[in-house]
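*Asks:* Input structure: model_12.txt, which contains compact mmCIF, C-alpha atoms.
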# COMPACT_ATOMS: atom_id res chain seq x y z
CA MET W 1 -94.03 141.82 69.16
CA GLU W 2 -91.56 139.65 67.24
CA GLN W 3 -94.34 138.43 64.95
CA GLN W 4 -95.51 142.02 64.34
CA GLN W 5 -91.95 143.02 63.52
CA SER W 6 -91.58 140.10 61.08
CA VAL W 7 -94.77 141.25 59.35
CA ARG W 8 -93.45 144.81 58.98
CA ASP W 9 -90.12 143.49 57.68
CA ASN W 10 -91.79 141.44 54.92
CA PRO W 11 -91.36 143.15 51.48
CA LEU W 12 -95.06 142.55 50.80
CA ALA W 13 -95.81 145.11 53.51
CA PHE W 14 -93.62 147.98 52.31
CA GLU W 15 -92.24 147.50 48.79
CA SER W 16 -93.87 149.45 45.93
CA THR W 17 -97.07 147.72 44.84
CA GLY W 18 -96.22 148.25 41.18
CA ARG W 19 -92.85 146.58 41.66
CA LEU W 20 -94.43 143.72 43.61
CA ILE W 21 -97.06 143.16 40.89
CA ALA W 22 -94.30 142.94 38.28
CA LYS W 23 -92.18 140.66 40.50
CA TYR W 24 -95.01 138.22 41.18
CA SER W 25 -97.18 138.51 38.06
CA VAL W 26 -94.59 138.42 35.27
CA PRO W 27 -93.31 134.91 36.17
CA SER W 28 -96.89 133.74 36.62
CA VAL W 29 -97.94 135.17 33.24
CA ILE W 30 -94.94 133.54 31.54
CA ALA W 31 -95.82 130.20 33.12
CA MET W 32 -99.44 130.48 32.00
CA LEU W 33 -98.43 131.54 28.49
CA VAL W 34 -96.06 128.61 28.12
CA SER W 35 -98.77 126.23 29.36
CA SER W 36 -101.20 127.70 26.82
CA LEU W 37 -98.57 127.49 24.10
CA TYR W 38 -97.96 123.81 24.69
CA ASN W 39 -101.70 123.21 24.38
CA ILE W 40 -101.48 124.93 20.99
CA VAL W 41 -98.38 122.89 20.14
CA ASP W 42 -100.35 119.75 21.04
CA GLN W 43 -103.00 120.84 18.54
CA ILE W 44 -100.35 121.37 15.85
CA PHE W 45 -98.57 118.03 16.33
CA ILE W 46 -101.76 116.01 16.78
CA GLY W 47 -103.33 117.78 13.81
CA GLN W 48 -100.33 116.97 11.61
CA GLY W 49 -99.73 113.46 12.93
CA VAL W 50 -103.27 112.23 13.60
CA GLY W 51 -105.50 114.59 11.64
CA MET W 52 -108.72 116.49 12.17
CA LEU W 53 -110.28 113.76 14.31
CA GLY W 54 -107.34 113.99 16.70
CA ASN W 55 -107.90 117.72 17.18
CA ALA W 56 -111.60 117.12 17.70
CA ALA W 57 -110.78 114.46 20.32
CA THR W 58 -108.61 116.83 22.37
CA ASN W 59 -111.45 119.35 22.28
CA VAL W 60 -113.93 116.78 23.58
CA ALA W 61 -111.47 115.84 26.34
CA PHE W 62 -110.69 119.47 27.28
CA PRO W 63 -113.52 119.77 29.88
CA PHE W 64 -111.49 117.34 31.99
CA VAL W 65 -108.71 119.96 32.05
CA ASN W 66 -111.29 122.54 33.14
CA ILE W 67 -112.30 120.31 36.05
CA CYS W 68 -108.66 119.82 37.06
CA ILE W 69 -107.99 123.55 36.96
CA ALA W 70 -111.22 124.23 38.87
CA LEU W 71 -110.14 121.93 41.71
CA SER W 72 -106.61 123.29 41.78
CA LEU W 73 -107.97 126.86 41.94
CA LEU W 74 -110.52 125.99 44.63
CA ILE W 75 -107.88 124.50 46.89
CA GLY W 76 -104.77 126.30 45.66
CA ILE W 77 -106.12 129.86 45.70
CA GLY W 78 -108.22 129.21 48.82
CA GLY W 79 -105.26 127.71 50.66
CA ALA W 80 -102.69 130.25 49.46
CA SER W 81 -104.97 133.19 50.27
CA ASN W 82 -105.56 131.94 53.81
CA PHE W 83 -101.83 131.26 54.15
CA ASN W 84 -101.02 134.87 53.23
CA LEU W 85 -103.84 136.30 55.35
CA ASN W 86 -102.49 134.57 58.44
CA MET W 87 -98.91 135.46 57.59
CA GLY W 88 -100.05 139.09 57.41
CA ARG W 89 -101.64 138.72 60.85
CA GLY W 90 -98.44 137.21 62.23
CA GLU W 91 -100.13 133.85 62.90
CA ASN W 92 -97.45 131.60 61.40
CA GLU W 93 -98.64 128.32 62.92
CA LYS W 94 -102.12 128.84 61.53
CA ALA W 95 -100.63 129.72 58.14
CA LYS W 96 -98.65 126.47 58.22
CA SER W 97 -101.82 124.53 59.00
CA PHE W 98 -103.56 126.01 55.95
CA ALA W 99 -100.63 125.08 53.70
CA GLY W 100 -100.69 121.50 54.97
CA THR W 101 -104.45 121.12 54.60
CA SER W 102 -104.22 122.43 51.03
CA ILE W 103 -101.48 119.96 50.11
CA SER W 104 -103.50 117.00 51.39
CA LEU W 105 -106.70 118.16 49.68
CA LEU W 106 -104.92 118.65 46.34
CA ILE W 107 -103.51 115.12 46.41
CA LEU W 108 -106.79 113.48 47.45
CA SER W 109 -108.93 115.41 44.95
CA GLY W 110 -106.57 114.52 42.10
CA LEU W 111 -106.68 110.81 42.91
CA ALA W 112 -110.48 110.88 43.29
CA LEU W 113 -111.00 112.62 39.93
CA SER W 114 -108.63 110.25 38.14
CA ILE W 115 -110.38 107.14 39.50
CA PHE W 116 -113.87 108.51 38.82
CA SER W 117 -112.94 109.54 35.25
CA LEU W 118 -111.48 106.14 34.38
CA LEU W 119 -114.48 104.29 35.80
CA PHE W 120 -117.07 106.33 33.89
CA LEU W 121 -115.01 107.51 30.93
CA LYS W 122 -117.23 106.31 28.07
CA PRO W 123 -120.53 107.92 29.18
CA ILE W 124 -118.67 111.09 30.20
CA LEU W 125 -117.07 111.50 26.76
CA ILE W 126 -120.45 111.02 25.09
CA ALA W 127 -121.93 113.65 27.41
CA PHE W 128 -119.03 115.98 26.52
CA GLY W 129 -120.13 115.89 22.87
CA SER W 130 -118.07 113.12 21.27
CA THR W 131 -119.25 111.79 17.91
CA LYS W 132 -118.88 108.18 16.76
CA GLN W 133 -115.85 108.98 14.63
CA VAL W 134 -114.13 111.07 17.30
CA PHE W 135 -114.92 108.73 20.20
CA PRO W 136 -112.08 106.16 19.70
CA TYR W 137 -109.49 108.95 19.61
CA ALA W 138 -111.01 110.73 22.61
CA LEU W 139 -111.12 107.46 24.56
CA THR W 140 -107.46 106.65 23.85
CA TYR W 141 -106.33 110.19 24.65
CA THR W 142 -108.29 110.56 27.89
CA ARG W 143 -107.48 107.10 29.26
CA ILE W 144 -103.85 108.18 29.32
CA THR W 145 -104.27 111.82 30.36
CA ALA W 146 -106.57 110.77 33.24
CA LEU W 147 -103.51 109.19 34.85
CA GLY W 148 -101.99 112.66 34.94
CA PHE W 149 -104.94 114.39 36.66
CA PRO W 150 -103.45 114.02 40.17
CA PHE W 151 -100.18 115.56 38.96
CA LEU W 152 -101.90 118.38 37.06
CA ILE W 153 -104.09 119.34 40.03
CA ALA W 154 -101.25 119.07 42.53
CA THR W 155 -98.82 121.08 40.40
CA ASN W 156 -101.19 124.00 39.84
CA GLY W 157 -102.22 124.03 43.49
CA PHE W 158 -98.65 123.71 44.78
CA CYS W 159 -97.56 126.59 42.55
CA ASN W 160 -100.07 128.87 44.29
CA LEU W 161 -98.46 127.99 47.62
CA ILE W 162 -94.97 128.47 46.17
CA ARG W 163 -95.88 131.99 44.99
CA SER W 164 -97.38 132.72 48.40
CA ASP W 165 -94.11 131.66 49.98
CA GLY W 166 -92.32 134.37 47.98
CA SER W 167 -90.91 132.27 45.12
CA PRO W 168 -92.81 133.28 41.96
CA ARG W 169 -89.82 132.51 39.73
CA TYR W 170 -89.55 128.94 40.93
CA SER W 171 -93.27 128.52 40.32
CA MET W 172 -92.65 129.71 36.75
CA VAL W 173 -89.76 127.28 36.28
CA VAL W 174 -91.97 124.39 37.44
CA MET W 175 -94.65 125.17 34.84
CA VAL W 176 -92.22 125.98 32.04
CA THR W 177 -90.22 122.77 32.56
CA GLY W 178 -93.29 120.59 32.14
CA ALA W 179 -94.35 122.50 29.04
CA VAL W 180 -90.92 122.22 27.44
CA ILE W 181 -90.75 118.47 28.13
CA ASN W 182 -94.20 117.97 26.61
CA THR W 183 -93.28 120.03 23.54
CA CYS W 184 -90.08 118.04 22.99
CA LEU W 185 -91.71 114.64 23.47
CA ASP W 186 -94.74 115.35 21.27
CA PRO W 187 -92.96 115.00 17.90
CA LEU W 188 -90.85 112.11 19.20
CA PHE W 189 -93.82 110.06 20.36
CA ILE W 190 -96.25 111.03 17.57
CA PHE W 191 -93.90 110.95 14.55
CA GLY W 192 -90.80 109.09 15.79
CA PHE W 193 -92.49 106.23 17.65
CA HIS W 194 -95.72 106.44 15.59
CA TRP W 195 -97.88 106.34 18.72
CA GLY W 196 -100.44 108.72 17.26
CA ILE W 197 -102.76 110.46 19.68
CA ALA W 198 -101.58 108.18 22.48
CA GLY W 199 -98.12 109.71 22.01
CA GLY W 200 -99.49 113.22 22.50
CA ALA W 201 -101.26 112.10 25.67
CA ALA W 202 -98.16 110.34 27.03
CA ALA W 203 -96.01 113.44 26.41
CA THR W 204 -98.52 115.55 28.32
CA VAL W 205 -98.56 113.23 31.34
CA ILE W 206 -94.77 112.95 31.51
CA GLY W 207 -94.46 116.74 31.51
CA GLN W 208 -97.05 116.95 34.30
CA ILE W 209 -95.23 114.36 36.41
CA VAL W 210 -91.90 116.19 36.16
CA SER W 211 -93.53 119.52 37.08
CA CYS W 212 -95.28 117.92 40.06
CA VAL W 213 -92.05 116.39 41.37
CA MET W 214 -90.32 119.77 41.14
CA ALA W 215 -93.17 121.52 42.95
CA ALA W 216 -93.34 118.86 45.67
CA ALA W 217 -89.57 119.11 46.18
CA TYR W 218 -89.94 122.81 46.94
CA LEU W 219 -92.55 122.16 49.63
CA THR W 220 -89.92 120.26 51.64
CA ARG W 221 -87.85 123.46 51.88
CA PHE W 222 -90.44 126.20 52.32
CA ARG W 223 -88.79 129.61 52.78
CA THR W 224 -91.03 131.24 55.39
CA MET W 225 -91.53 128.18 57.60
CA LYS W 226 -90.87 124.45 57.80
CA LEU W 227 -93.81 122.27 56.77
CA THR W 228 -94.08 119.07 58.82
CA LYS W 229 -96.16 115.89 58.55
CA ASP W 230 -98.39 117.07 61.39
CA CYS W 231 -99.66 120.05 59.39
CA LEU W 232 -100.88 117.73 56.60
CA LYS W 233 -103.91 116.72 58.66
CA ILE W 234 -107.13 118.02 57.10
CA ASN W 235 -108.69 120.51 59.49
CA ALA W 236 -112.46 121.05 59.12
CA ASP W 237 -112.24 124.76 59.94
CA ASN W 238 -109.38 125.19 57.47
CA LEU W 239 -111.38 123.34 54.81
CA LYS W 240 -114.33 125.69 55.30
CA ALA W 241 -112.10 128.79 55.06
CA ILE W 242 -110.31 127.45 51.95
CA VAL W 243 -113.59 126.70 50.15
CA SER W 244 -115.09 130.08 51.12
CA ILE W 245 -112.29 131.91 49.27
CA GLY W 246 -111.59 129.48 46.43
CA ILE W 247 -115.22 128.77 45.52
CA ALA W 248 -115.56 131.82 43.23
CA SER W 249 -112.64 130.71 41.04
CA PHE W 250 -113.96 127.14 41.11
CA PHE W 251 -117.43 128.07 39.85
CA ASN W 252 -115.96 130.39 37.22
CA GLN W 253 -113.97 127.48 35.79
CA ILE W 254 -116.94 125.10 36.05
CA ALA W 255 -119.09 127.63 34.18
CA MET W 256 -116.49 127.73 31.39
CA MET W 257 -116.56 123.93 31.27
CA ALA W 258 -120.37 123.89 31.06
CA VAL W 259 -120.28 126.37 28.18
CA GLN W 260 -117.77 124.23 26.31
CA ILE W 261 -119.76 121.03 26.80
CA ALA W 262 -122.90 122.78 25.54
CA LEU W 263 -120.91 124.16 22.60
CA ASN W 264 -119.51 120.72 21.72
CA ASN W 265 -122.95 119.13 21.73
CA THR W 266 -124.43 122.00 19.71
CA LEU W 267 -121.64 121.81 17.12
CA ALA W 268 -121.96 118.04 16.83
CA TYR W 269 -125.74 118.17 16.39
CA TYR W 270 -126.06 121.10 14.01
CA GLY W 271 -122.78 120.32 12.25
CA ALA W 272 -124.25 116.97 11.23
CA LEU W 273 -127.05 118.85 9.47
CA SER W 274 -124.60 121.00 7.51
CA SER W 275 -122.22 120.34 4.61
CA TYR W 276 -119.27 120.33 7.06
CA GLY W 277 -120.41 117.37 9.13
CA SER W 278 -120.14 117.16 12.91
CA ASP W 279 -116.38 116.57 13.26
CA ILE W 280 -114.97 119.63 11.46
CA PRO W 281 -116.79 122.13 13.72
CA LEU W 282 -115.52 120.25 16.80
CA ALA W 283 -111.96 120.43 15.52
CA CYS W 284 -112.25 124.14 14.70
CA ALA W 285 -113.69 124.91 18.14
CA GLY W 286 -110.75 123.08 19.71
CA VAL W 287 -108.26 125.34 17.95
CA ILE W 288 -110.18 128.50 18.88
CA ILE W 289 -110.49 127.49 22.54
CA LYS W 290 -106.74 126.89 22.78
CA VAL W 291 -106.02 130.34 21.27
CA ASN W 292 -108.52 131.89 23.68
CA ALA W 293 -106.71 130.19 26.56
CA PHE W 294 -103.50 131.88 25.41
CA VAL W 295 -105.11 135.31 25.86
CA MET W 296 -106.74 134.31 29.15
CA ALA W 297 -103.28 133.37 30.43
CA PHE W 298 -102.49 137.07 30.90
CA ALA W 299 -105.48 137.67 33.17
CA ILE W 300 -105.02 134.46 35.16
CA GLY W 301 -101.28 135.05 35.52
CA ILE W 302 -101.72 138.62 36.77
CA ALA W 303 -104.50 137.57 39.18
CA GLN W 304 -102.39 134.73 40.59
CA GLY W 305 -99.40 137.06 40.93
CA CYS W 306 -101.42 139.66 42.84
CA GLN W 307 -102.98 137.14 45.21
CA PRO W 308 -100.04 136.99 47.70
CA ILE W 309 -99.82 140.81 47.76
CA LEU W 310 -103.55 141.26 48.35
CA GLY W 311 -103.81 138.45 50.93
CA PHE W 312 -100.81 139.49 53.01
CA ASN W 313 -101.69 143.19 53.14
CA TYR W 314 -105.34 142.48 53.92
CA GLY W 315 -104.26 140.25 56.80
CA ALA W 316 -101.86 142.98 57.98
CA GLN W 317 -104.75 145.53 57.76
CA LEU W 318 -102.84 147.63 55.21
CA TYR W 319 -106.02 148.32 53.27
CA GLY W 320 -104.57 151.24 51.28
CA ARG W 321 -102.03 148.87 49.71
CA VAL W 322 -104.83 146.38 48.98
CA ARG W 323 -106.85 149.03 47.10
CA ASP W 324 -103.78 150.29 45.23
CA THR W 325 -102.81 146.76 44.11
CA LEU W 326 -106.35 145.94 43.01
CA LYS W 327 -106.64 149.20 41.05
CA LYS W 328 -103.38 148.57 39.17
CA GLU W 329 -104.38 144.96 38.51
CA ILE W 330 -107.75 145.94 36.99
CA ILE W 331 -106.20 148.65 34.79
CA THR W 332 -103.50 146.28 33.48
CA VAL W 333 -105.89 143.42 32.68
CA THR W 334 -108.40 145.76 31.02
CA ALA W 335 -105.69 147.23 28.78
CA ILE W 336 -104.45 143.77 27.74
CA PHE W 337 -107.91 142.46 26.88
CA SER W 338 -108.82 145.62 24.99
CA ALA W 339 -105.72 145.14 22.84
CA ALA W 340 -106.56 141.45 22.33
CA PHE W 341 -110.13 142.31 21.30
CA ILE W 342 -108.87 144.78 18.70
CA CYS W 343 -106.40 142.20 17.32
CA PHE W 344 -109.03 139.48 16.99
CA GLN W 345 -111.39 141.89 15.24
CA LEU W 346 -108.83 143.37 12.82
CA ILE W 347 -106.42 140.49 12.15
CA PRO W 348 -108.22 137.24 13.06
CA ARG W 349 -106.40 135.17 10.43
Let me see the structure of the file written as structure tokens.

*Replies:*
Amino acid sequence: MEQQQSVRDNPLAFESTGRLIAKYSVPSVIAMLVSSLYNIVDQIFIGQGVGMLGNAATNVAFPFVNICIALSLLIGIGGASNFNLNMGRGENEKAKSFAGTSISLLILSGLALSIFSLLFLKPILIAFGSTKQVFPYALTYTRITALGFPFLIATNGFCNLIRSDGSPRYSMVVMVTGAVINTCLDPLFIFGFHWGIAGGAAATVIGQIVSCVMAAAYLTRFRTMKLTKDCLKINADNLKAIVSIGIASFFNQIAMMAVQIALNNTLAYYGALSSYGSDIPLACAGVIIKVNAFVMAFAIGIAQGCQPILGFNYGAQLYGRVRDTLKKEIITVTAIFSAAFICFQLIPR
């Protein structure tokens, strides 16, 4: 009875869905926009300080970011959704177990990807579409950013849990802080210290480390429950449930990565046959992809913001609120992308 009462007393169960979407999605959208902006800022500083080959190198390395995001979505969304579902059912201990399993999986997957990438970096970059001229820059950039993969994966995954715990603003602060640090350090390292593309990579990793520390600090003072060392054990049943929900987001991100790799290789091959050469098309594609990510930030931010609302109310069997939230989410995202499509068609420059 007490658990049922705590479910009914949770704002996710009774507050206006429109207000909840704004409360959870706006901070998430802001965080995603800032992250996209600092990718664009990276392009600007590296383009000015290193040149076209630097921009092309970040484009070749970008599939690694796709993989990191794919893993963080697989575990972060899968874990956060199951956390909210069980909170909605009043099963707090089970919810805690899902949070702990997600934390452990995020850390382990980040370390595994970093080690694998560093061991096989050269053939991977060639497979991603690097040309001979771009390769040295891509190698330097990725050798450094690979050290930040565990922090990038953990931060994005932890932020899903933080939103699920009812703290969307703190999640936003975590992402924004890392972006601001990266933006401030970029010109210092690239122009001040003359580190070139290595400076841009170092700035990125430092920002990711700070964000990860902030996110991890929050997990020690979870609002809805206290997370203990015991809940960090990886449970096979939890793993299966996490993957079953997060797999759709994972494959969506992997598909985007596959498209980009194919695009890079196509541009490098056919660009070499044109008057532009192979490197200019790669650099141009890098700029366009970063701008596209800025627009996608709206959809991803809104979806991440709605996840706790949908998960909790589904678990609480409040299906009318689930349908209402989903309807408002679809209408909002459709309107934003329609406006973006019109802008890109009418004022692309």

*Asks:* Compile the contact shell of range 8-13 of chain W as a list of chain:residue names: residues with an atom at most 7 Å away, counting only C-alpha atoms, same-chain residues fewer than 6 positions apart removed.

*Replies:* W:Ile309, W:Phe312, W:Asn313

*Asks:* When you draw a straight line from CA of Thr228 in chain W to CA of Ser97 in chain W, how long is it in Å?

*Replies:*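 Rounded to one decimal, the two atoms are 9.5 Å apart.
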
*Asks:* I'd like the interatomic distance between CA of Ile181 in chain W and CA of Ala57 in chain W, to a tenth of an Å.

*Replies:*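 So the answer is 21.9 Å.
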
*Asks:* Using all atoms listed in the file, find the one residue out of W:Leu232, W:Ala56, W:Ile107, W:Ile254 that sits nearest to Ser130 in chain W.

*Replies:* W:Ala56

*Asks:* How many Å separate CA of Phe14 in chain W from CA of Gly100 in chain W?

*Replies:*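 Result for CA of Phe14 in chain W versus CA of Gly100 in chain W: 27.5 Å, one decimal.
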
*Asks:* Hey, what's within 12 Å of range 272-275 of chain W if we count only C-alpha atoms and toss same-chain stuff fewer than 6 positions away? As a ChimeraX atom specification, please?

*Replies:* /W:131-132,265-266,281-282

*Asks:* Go through W:Leu147, W:Ile261, W:Ile40, W:Leu111 and flag the residue nearest Val205 in chain W, using all atoms listed in the file for the distances.

*Replies:*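 The closest residue to Val205 in chain W is W:Leu147.
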
*Asks:* Fewer than 3 positions away in the same chain doesn't count, so skip those; otherwise give me all residues within 9 Å of Asn182 in chain W, counting only C-alpha atoms, as a CSV table (one decimal) with C-alpha atoms, in the coordinates of the input.

*Replies:*
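part.csv was written with the following content:
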chain,number,residue,atom,x,y,z
W,38,TYR,CA,-98.0,123.8,24.7
W,42,ASP,CA,-100.4,119.8,21.0
W,177,THR,CA,-90.2,122.8,32.6
W,178,GLY,CA,-93.3,120.6,32.1
W,179,ALA,CA,-94.4,122.5,29.0
W,185,LEU,CA,-91.7,114.6,23.5
W,186,ASP,CA,-94.7,115.4,21.3
W,200,GLY,CA,-99.5,113.2,22.5
W,202,ALA,CA,-98.2,110.3,27.0
W,203,ALA,CA,-96.0,113.4,26.4
W,204,THR,CA,-98.5,115.6,28.3
W,205,VAL,CA,-98.6,113.2,31.3
W,206,ILE,CA,-94.8,113.0,31.5
W,207,GLY,CA,-94.5,116.7,31.5
W,208,GLN,CA,-97.0,117.0,34.3

*Asks:* Could you give me, as a ChimeraX atom specification, the residues within 8 Å of Phe158 in chain W, counting only C-alpha atoms and dropping anything in the same chain fewer than 3 positions from it?

*Replies:* /W:76,103,154-155,161-162,215-216,219

*Asks:* Considering all atoms listed in the file, state which residue in the set W:Met256, W:Val26, W:Ala80, W:Ala340 is at the smallest distance from Ile67 in chain W.

*Replies:*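 Comparing W:Met256, W:Val26, W:Ala80, W:Ala340 against Ile67 in chain W, the winner is W:Met256.
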
*Asks:* Find the residue from W:Met172, W:Val243, W:Ala316, W:Ala95 that sits nearest to Ser25 in chain W; use all atoms listed in the file when measuring.

*Replies:*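 Between W:Met172, W:Val243, W:Ala316, W:Ala95, the residue approaching Ser25 in chain W most closely is W:Met172.
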
*Asks:* So that all listed atoms of range 161-172 of chain W fit with 8 Å spare on each side, what axis-aligned box centre and edge lengths in Å, to one decimal, would you give as JSON?

*Replies:*
{"center_x": -94.0, "center_y": 131.2, "center_z": 43.4, "size_x": 24.9, "size_y": 22.4, "size_z": 29.2}

*Asks:* Can you rebuild range 279-294 of chain W with N, CA and C atoms and give it as a PDB file, in the coordinates of the input?

*Replies:*
ATOM      1  N   ASP W 279    -117.739 116.650  12.734  1.00  0.00           N
ATOM      2  CA  ASP W 279    -116.380 116.570  13.260  1.00  0.00           C
ATOM      3  C   ASP W 279    -115.547 117.818  12.980  1.00  0.00           C
ATOM      4  N   ILE W 280    -115.732 118.424  11.809  1.00  0.00           N
ATOM      5  CA  ILE W 280    -114.970 119.630  11.460  1.00  0.00           C
ATOM      6  C   ILE W 280    -115.261 120.777  12.433  1.00  0.00           C
ATOM      7  N   PRO W 281    -116.529 121.069  12.746  1.00  0.00           N
ATOM      8  CA  PRO W 281    -116.790 122.130  13.720  1.00  0.00           C
ATOM      9  C   PRO W 281    -116.157 121.868  15.085  1.00  0.00           C
ATOM     10  N   LEU W 282    -116.152 120.599  15.530  1.00  0.00           N
ATOM     11  CA  LEU W 282    -115.520 120.250  16.800  1.00  0.00           C
ATOM     12  C   LEU W 282    -114.024 120.547  16.770  1.00  0.00           C
ATOM     13  N   ALA W 283    -113.386 120.190  15.660  1.00  0.00           N
ATOM     14  CA  ALA W 283    -111.960 120.430  15.520  1.00  0.00           C
ATOM     15  C   ALA W 283    -111.647 121.925  15.505  1.00  0.00           C
ATOM     16  N   CYS W 284    -112.455 122.687  14.772  1.00  0.00           N
ATOM     17  CA  CYS W 284    -112.250 124.140  14.700  1.00  0.00           C
ATOM     18  C   CYS W 284    -112.420 124.788  16.074  1.00  0.00           C
ATOM     19  N   ALA W 285    -113.451 124.363  16.801  1.00  0.00           N
ATOM     20  CA  ALA W 285    -113.690 124.910  18.140  1.00  0.00           C
ATOM     21  C   ALA W 285    -112.510 124.616  19.058  1.00  0.00           C
ATOM     22  N   GLY W 286    -111.904 123.434  18.889  1.00  0.00           N
ATOM     23  CA  GLY W 286    -110.750 123.080  19.710  1.00  0.00           C
ATOM     24  C   GLY W 286    -109.592 124.035  19.505  1.00  0.00           C
ATOM     25  N   VAL W 287    -109.342 124.400  18.260  1.00  0.00           N
ATOM     26  CA  VAL W 287    -108.260 125.340  17.950  1.00  0.00           C
ATOM     27  C   VAL W 287    -108.557 126.711  18.564  1.00  0.00           C
ATOM     28  N   ILE W 288    -109.797 127.175  18.381  1.00  0.00           N
ATOM     29  CA  ILE W 288    -110.180 128.500  18.880  1.00  0.00           C
ATOM     30  C   ILE W 288    -110.089 128.571  20.400  1.00  0.00           C
ATOM     31  N   ILE W 289    -110.530 127.513  21.078  1.00  0.00           N
ATOM     32  CA  ILE W 289    -110.490 127.490  22.540  1.00  0.00           C
ATOM     33  C   ILE W 289    -109.063 127.553  23.054  1.00  0.00           C
ATOM     34  N   LYS W 290    -108.136 126.867  22.356  1.00  0.00           N
ATOM     35  CA  LYS W 290    -106.740 126.890  22.780  1.00  0.00           C
ATOM     36  C   LYS W 290    -106.131 128.291  22.587  1.00  0.00           C
ATOM     37  N   VAL W 291    -106.507 128.968  21.502  1.00  0.00           N
ATOM     38  CA  VAL W 291    -106.020 130.340  21.270  1.00  0.00           C
ATOM     39  C   VAL W 291    -106.610 131.282  22.324  1.00  0.00           C
ATOM     40  N   ASN W 292    -107.871 131.076  22.649  1.00  0.00           N
ATOM     41  CA  ASN W 292    -108.520 131.890  23.680  1.00  0.00           C
ATOM     42  C   ASN W 292    -107.825 131.701  25.031  1.00  0.00           C
ATOM     43  N   ALA W 293    -107.412 130.466  25.309  1.00  0.00           N
ATOM     44  CA  ALA W 293    -106.710 130.190  26.560  1.00  0.00           C
ATOM     45  C   ALA W 293    -105.381 130.938  26.629  1.00  0.00           C
ATOM     46  N   PHE W 294    -104.763 131.139  25.466  1.00  0.00           N
ATOM     47  CA  PHE W 294    -103.500 131.880  25.410  1.00  0.00           C
ATOM     48  C   PHE W 294    -103.716 133.326  25.879  1.00  0.00           C
TER      49      PHE W 294
END
